[in-house]
file my_file_15.txt (compact mmCIF, C-alpha atoms)
# COMPACT_ATOMS: atom_id res chain seq x y z
CA MET A 135 377.13 123.64 194.35
CA LYS A 136 375.29 126.91 193.83
CA THR A 137 376.84 130.32 194.42
CA ASN A 138 374.21 132.49 196.09
CA ARG A 139 376.10 135.76 196.45
CA PHE A 140 379.49 137.35 196.72
CA LEU A 141 380.07 138.93 200.11
CA PHE A 142 383.58 140.35 199.79
CA SER A 143 386.33 140.42 197.19
CA GLN A 144 389.76 141.98 197.47
CA ALA A 145 392.82 142.43 195.29
CA ILE A 146 396.15 143.80 196.49
CA ARG A 147 399.04 144.77 194.27
CA PHE A 148 402.45 145.76 195.60
CA GLY A 149 404.73 148.28 193.96
CA ASP A 150 406.31 151.71 194.05
CA ILE A 151 404.12 154.81 193.71
CA ARG A 152 405.84 158.05 192.71
CA THR A 153 404.91 161.37 191.19
CA ASN A 154 406.03 162.04 187.64
CA ASP A 155 408.95 164.07 188.99
CA GLY A 156 410.06 161.15 191.17
CA LEU A 157 408.84 162.52 194.50
CA GLN A 158 406.53 160.68 196.89
CA VAL A 159 402.76 161.09 196.74
CA TYR A 160 401.27 163.97 198.69
CA GLY A 161 398.34 166.39 198.76
CA LYS A 162 394.69 167.12 198.15
CA HIS A 163 395.19 166.72 194.40
CA LEU A 164 395.03 162.95 194.94
CA VAL A 165 391.66 163.27 196.69
CA ARG A 166 390.09 165.59 194.13
CA ALA A 167 391.22 163.49 191.18
CA LEU A 168 390.07 160.13 192.61
CA GLU A 169 386.81 161.65 193.84
CA GLY A 170 386.16 163.08 190.40
CA ARG A 171 386.88 159.84 188.55
CA TYR A 172 385.18 157.34 190.86
CA GLY A 173 382.71 159.49 192.82
CA PHE A 174 383.80 158.38 196.28
CA VAL A 175 381.35 159.32 199.03
CA GLU A 176 383.98 159.32 201.79
CA VAL A 177 387.50 160.63 201.25
CA PRO A 178 390.44 161.53 203.51
CA LEU A 179 390.02 165.04 204.93
CA LYS A 180 392.47 165.57 207.79
CA ALA A 181 396.25 165.49 207.84
CA GLU A 182 396.21 162.31 209.93
CA ASP A 183 394.21 160.58 207.17
CA PHE A 184 397.19 160.84 204.82
CA VAL A 185 399.47 158.26 206.40
CA PHE A 186 400.39 156.17 203.37
CA GLU A 187 402.18 153.56 205.47
CA LYS A 188 398.78 152.69 207.02
CA GLY A 189 396.82 153.25 203.82
CA VAL A 190 394.84 156.27 202.64
CA SER A 191 391.21 155.15 202.31
CA PHE A 192 388.46 156.11 199.86
CA LEU A 193 384.99 154.62 200.45
CA HIS A 194 381.91 153.90 198.32
CA GLY A 195 382.92 154.78 194.79
CA TYR A 196 381.63 153.60 191.42
CA PHE A 197 383.47 152.07 188.47
CA ASN A 198 382.43 151.70 184.86
CA GLY A 199 378.75 152.20 185.64
CA ARG A 200 378.37 148.74 187.17
CA VAL A 201 380.73 148.06 190.12
CA VAL A 202 380.56 149.65 193.56
CA ILE A 203 384.02 150.19 195.04
CA ASP A 204 383.51 149.53 198.74
CA LYS A 205 387.04 150.61 199.60
CA LEU A 206 390.18 151.78 197.84
CA ARG A 207 393.36 152.07 199.87
CA ILE A 208 396.50 153.72 198.55
CA TYR A 209 399.71 152.75 200.34
CA ASN A 210 403.26 153.92 199.90
CA ASN A 211 404.00 150.45 198.49
CA GLY A 212 400.75 149.26 196.92
CA ILE A 213 397.06 149.49 196.08
CA ALA A 214 394.17 147.51 197.61
CA VAL A 215 390.59 147.39 196.31
CA GLU A 216 387.52 145.83 197.95
CA THR A 217 384.13 145.14 196.36
CA THR A 218 381.13 142.87 196.87
CA SER A 219 381.40 141.56 193.31
CA LYS A 220 384.30 139.48 191.94
CA THR A 221 388.07 139.75 192.24
CA ASP A 222 388.25 140.28 188.46
CA ASP A 223 386.43 143.57 189.07
CA CYS A 224 388.99 144.50 191.74
CA ASP A 225 391.81 143.78 189.29
CA GLU A 226 390.07 145.80 186.58
CA ILE A 227 389.75 148.77 188.95
CA ILE A 228 393.44 148.59 189.89
CA ASP A 229 394.38 148.34 186.21
CA ASP A 230 392.25 151.41 185.49
CA ILE A 231 393.91 153.40 188.28
CA ILE A 232 397.39 152.42 187.10
CA SER A 233 396.71 153.31 183.45
CA TRP A 234 394.93 156.58 184.29
CA ALA A 235 397.23 157.76 187.11
CA PRO A 236 400.15 159.16 185.04
CA GLY A 237 397.87 161.65 183.28
CA GLY A 238 395.05 161.96 185.81
CA LEU A 239 397.09 162.02 189.00
CA GLY A 240 400.62 162.71 187.86
CA LEU A 241 401.60 159.38 189.42
CA ASN A 242 403.37 156.29 188.21
CA PHE A 243 402.91 152.84 189.71
CA THR A 244 405.66 150.28 189.15
CA GLU A 245 404.57 146.83 190.25
CA ASN A 246 406.98 144.81 192.38
CA ASN A 247 407.18 141.53 190.49
CA ASN A 248 409.12 139.93 193.34
CA LEU A 249 405.98 139.98 195.49
CA PRO A 250 402.77 138.02 194.83
CA ARG A 251 399.45 139.57 193.96
CA MET A 252 397.12 138.88 196.87
CA TYR A 253 393.39 138.10 196.79
CA GLY A 254 390.52 137.53 199.18
CA SER A 255 387.16 135.94 198.36
CA HIS A 256 384.14 135.53 200.65
CA MET A 257 380.92 134.04 199.31
CA GLU A 258 377.72 132.32 200.34
CA VAL A 259 377.11 128.98 198.64
CA GLU A 260 374.60 126.15 198.77
CA MET A 261 376.24 122.74 198.95
CA ALA A 262 374.73 119.38 197.98
CA ASP A 263 372.27 117.88 200.46
CA GLY A 264 374.11 115.84 203.08
CA PHE A 265 377.47 117.23 201.96
CA ASP A 266 378.87 117.15 205.50
CA LEU A 267 377.70 113.58 206.18
CA ASN A 268 380.15 112.30 203.57
CA ILE A 269 383.19 113.65 205.41
CA LYS A 270 385.05 110.58 206.63
CA GLY A 271 384.67 109.90 210.33
CA ALA A 272 382.10 112.64 211.00
CA PRO A 273 379.03 110.37 211.52
CA GLU A 274 381.03 108.04 213.80
CA LEU A 275 382.31 110.96 215.86
CA SER A 276 378.78 112.36 216.15
CA ALA A 277 377.48 108.98 217.37
CA MET A 278 380.17 108.80 220.07
CA ILE A 279 379.37 112.32 221.28
CA MET A 280 375.64 111.55 221.38
CA GLN A 281 376.27 108.32 223.28
CA ALA A 282 378.37 110.10 225.90
CA MET A 283 375.85 112.91 226.30
CA GLY A 284 373.04 110.37 226.54
CA SER A 285 374.56 109.26 229.84
CA TYR A 286 373.93 112.82 231.07
CA ARG A 287 370.21 112.43 230.26
CA ASP A 288 370.66 114.66 227.22
CA PRO A 289 368.01 113.97 224.52
CA GLY A 290 370.73 112.96 222.05
CA ARG A 291 370.54 115.57 219.31
CA ALA A 292 372.70 114.79 216.29
CA PHE A 293 375.95 116.67 215.78
CA ARG A 294 376.85 117.69 212.24
CA VAL A 295 380.01 119.15 210.77
CA GLY A 296 379.87 122.91 211.28
CA GLY A 297 382.86 123.71 209.12
CA PHE A 298 386.60 123.43 208.80
CA ASP A 299 389.57 125.39 207.58
CA LEU A 300 392.98 124.85 206.06
CA ARG A 301 395.79 127.08 207.30
CA ILE A 302 399.42 127.81 206.65
CA ASP A 303 401.80 127.28 209.57
CA PRO A 304 401.49 130.48 211.68
CA THR A 305 405.28 130.70 211.94
CA GLU A 306 405.36 131.28 208.18
CA ASN A 307 404.27 134.52 206.56
CA GLY A 308 401.33 133.51 204.41
CA PRO A 309 397.75 134.32 203.37
CA ASN A 310 394.56 133.80 205.36
CA SER A 311 392.95 130.40 205.78
CA PHE A 312 390.66 128.51 203.40
CA ARG A 313 387.36 128.16 205.30
CA ILE A 314 384.03 126.45 204.80
CA GLU A 315 381.51 126.90 207.61
CA ARG A 316 377.78 126.71 208.03
CA ARG A 317 375.96 130.01 207.56
CA ALA A 318 374.97 131.50 210.90
CA ASN A 319 371.26 131.38 211.77
CA HIS A 320 370.40 129.01 208.91
CA SER A 321 368.98 125.53 209.44
CA PHE A 322 371.17 122.58 208.48
CA HIS A 323 368.55 121.64 205.89
CA SER A 324 369.30 124.85 203.98
CA ASN A 325 372.84 123.56 203.20
CA MET A 326 374.04 127.16 203.25
CA TYR A 327 377.74 127.78 203.83
CA PHE A 328 380.04 130.76 204.24
CA CYS A 329 383.28 130.22 202.33
CA ALA A 330 386.47 132.27 202.49
CA ALA A 331 389.73 131.84 200.62
CA PRO A 332 392.88 133.77 199.62
CA LEU A 333 391.96 133.17 195.97
CA LYS A 334 390.52 134.80 192.90
CA THR A 335 386.75 134.36 192.71
CA ARG A 336 386.84 131.98 189.76
CA ASP A 337 389.50 129.79 191.41
CA HIS A 338 387.53 129.79 194.65
CA ILE A 339 384.37 128.58 192.90
CA TYR A 340 386.25 125.95 190.89
CA ILE A 341 387.95 124.49 193.98
CA LEU A 342 384.69 124.42 195.97
CA GLU A 343 382.93 122.60 193.12
CA LYS A 344 385.77 120.08 192.85
CA PHE A 345 385.81 119.55 196.61
CA GLU A 346 382.05 118.96 196.69
CA ASN A 347 382.44 116.36 193.91
CA ILE A 348 385.22 114.59 195.83
CA ILE A 349 383.19 114.49 199.05
CA THR A 350 379.90 113.38 197.50
CA SER A 351 381.19 110.91 194.90
call {"tool": "encode", "arguments": {"input": "my_file_15.txt", "output": "structure tokens"}}
result
Amino acid sequence: MKTNRFLFSQAIRFGDIRTNDGLQVYGKHLVRALEGRYGFVEVPLKAEDFVFEKGVSFLHGYFNGRVVIDKLRIYNNGIAVETTSKTDDCDEIIDDIISWAPGGLGLNFTENNNLPRMYGSHMEVEMADGFDLNIKGAPELSAMIMQAMGSYRDPGRAFRVGGFDLRIDPTENGPNSFRIERRANHSFHSNMYFCAAPLKTRDHIYILEKFENIITS
């Protein structure tokens, strides 16, 4: 398996955000300080932008001279960061905010250790040639479909696995699905796939590589 590019990475950390005097977060000071440190191009401007229950958003910043922060959201109970690099970068940005905030923002973040850290990873990968043909039952199912459609005078084009996902029971409160699906507008011969998972980037890559080995061995 080859990782072509990272499309989206997210890290979310839950906790309590308070000013140094124990009051809740408020005001333009937050905007000026974050804009000054990370150079955000878009920041909240109007009163209705400062609804912390929905998330106060900062767009297109820069971290450590190498990572573009696509979005930072500050909630009354957490911090979320999105990039097009790796989840480790998202974690590093959150760590930087938390360590800098007491002096730079006059804020303290206390993580809620009773709640999990949440992650999201989207990437484009190239799987082994014929990866989908090794999925048990797929060729037989394709043959049955082609046979049935042949009776309709259809030319009998082969069906291939387009993708699949693993989900948690929707009645349970859980993360998004684990998905592998063919990249839109790419030929099957390209073996290009879009993959999404509620995982750290490195865990996502490791599991995809292991899965490819299981399927193709």
call {"tool": "closest_residue", "arguments": {"input": "my_file_15.txt", "among": "A:Thr218, A:Thr350, A:Asn154, A:Asn138", "to": "A:Asn268", "atoms": "all atoms listed in the file"}}
result
A:Thr350
call {"tool": "residues_near_point", "arguments": {"input": "my_file_15.txt", "point": "(375.2, 127.6, 197.4)", "cutoff": "10 Å", "atoms": "only C-alpha atoms", "output": "list in words"}}
result
Met135, Lys136, Thr137, Asn138, Arg139, Met257, Glu258, Val259, Glu260, Met261, Ala262, Ser324, Asn325, Met326, Tyr327, Phe328 and Cys329 of chain A
call {"tool": "closest_residue", "arguments": {"input": "my_file_15.txt", "among": "A:Leu206, A:Ile151, A:Val201, A:Ile146", "to": "A:Phe174", "atoms": "only C-alpha atoms"}}
result
A:Leu206
call {"tool": "closest_residue", "arguments": {"input": "my_file_15.txt", "among": "A:Asn210, A:Asn198, A:Gly254, A:Arg291", "to": "A:Asp230", "atoms": "only C-alpha atoms"}}
result
A:Asn198
call {"tool": "closest_residue", "arguments": {"input": "my_file_15.txt", "among": "A:Thr153, A:Thr305, A:Ser351, A:Asn319", "to": "A:Gly264", "atoms": "only C-alpha atoms"}}
result
A:Ser351
call {"tool": "residues_around", "arguments": {"input": "my_file_15.txt", "residues": "stretch 276-278 of chain A", "least_positions_apart": "2", "cutoff": "7 Å", "atoms": "only C-alpha atoms", "output": "list in words"}}
result
Ala272, Pro273, Glu274, Met280, Gln281, Ala282, Ala292, Phe293 and Arg294 of chain A
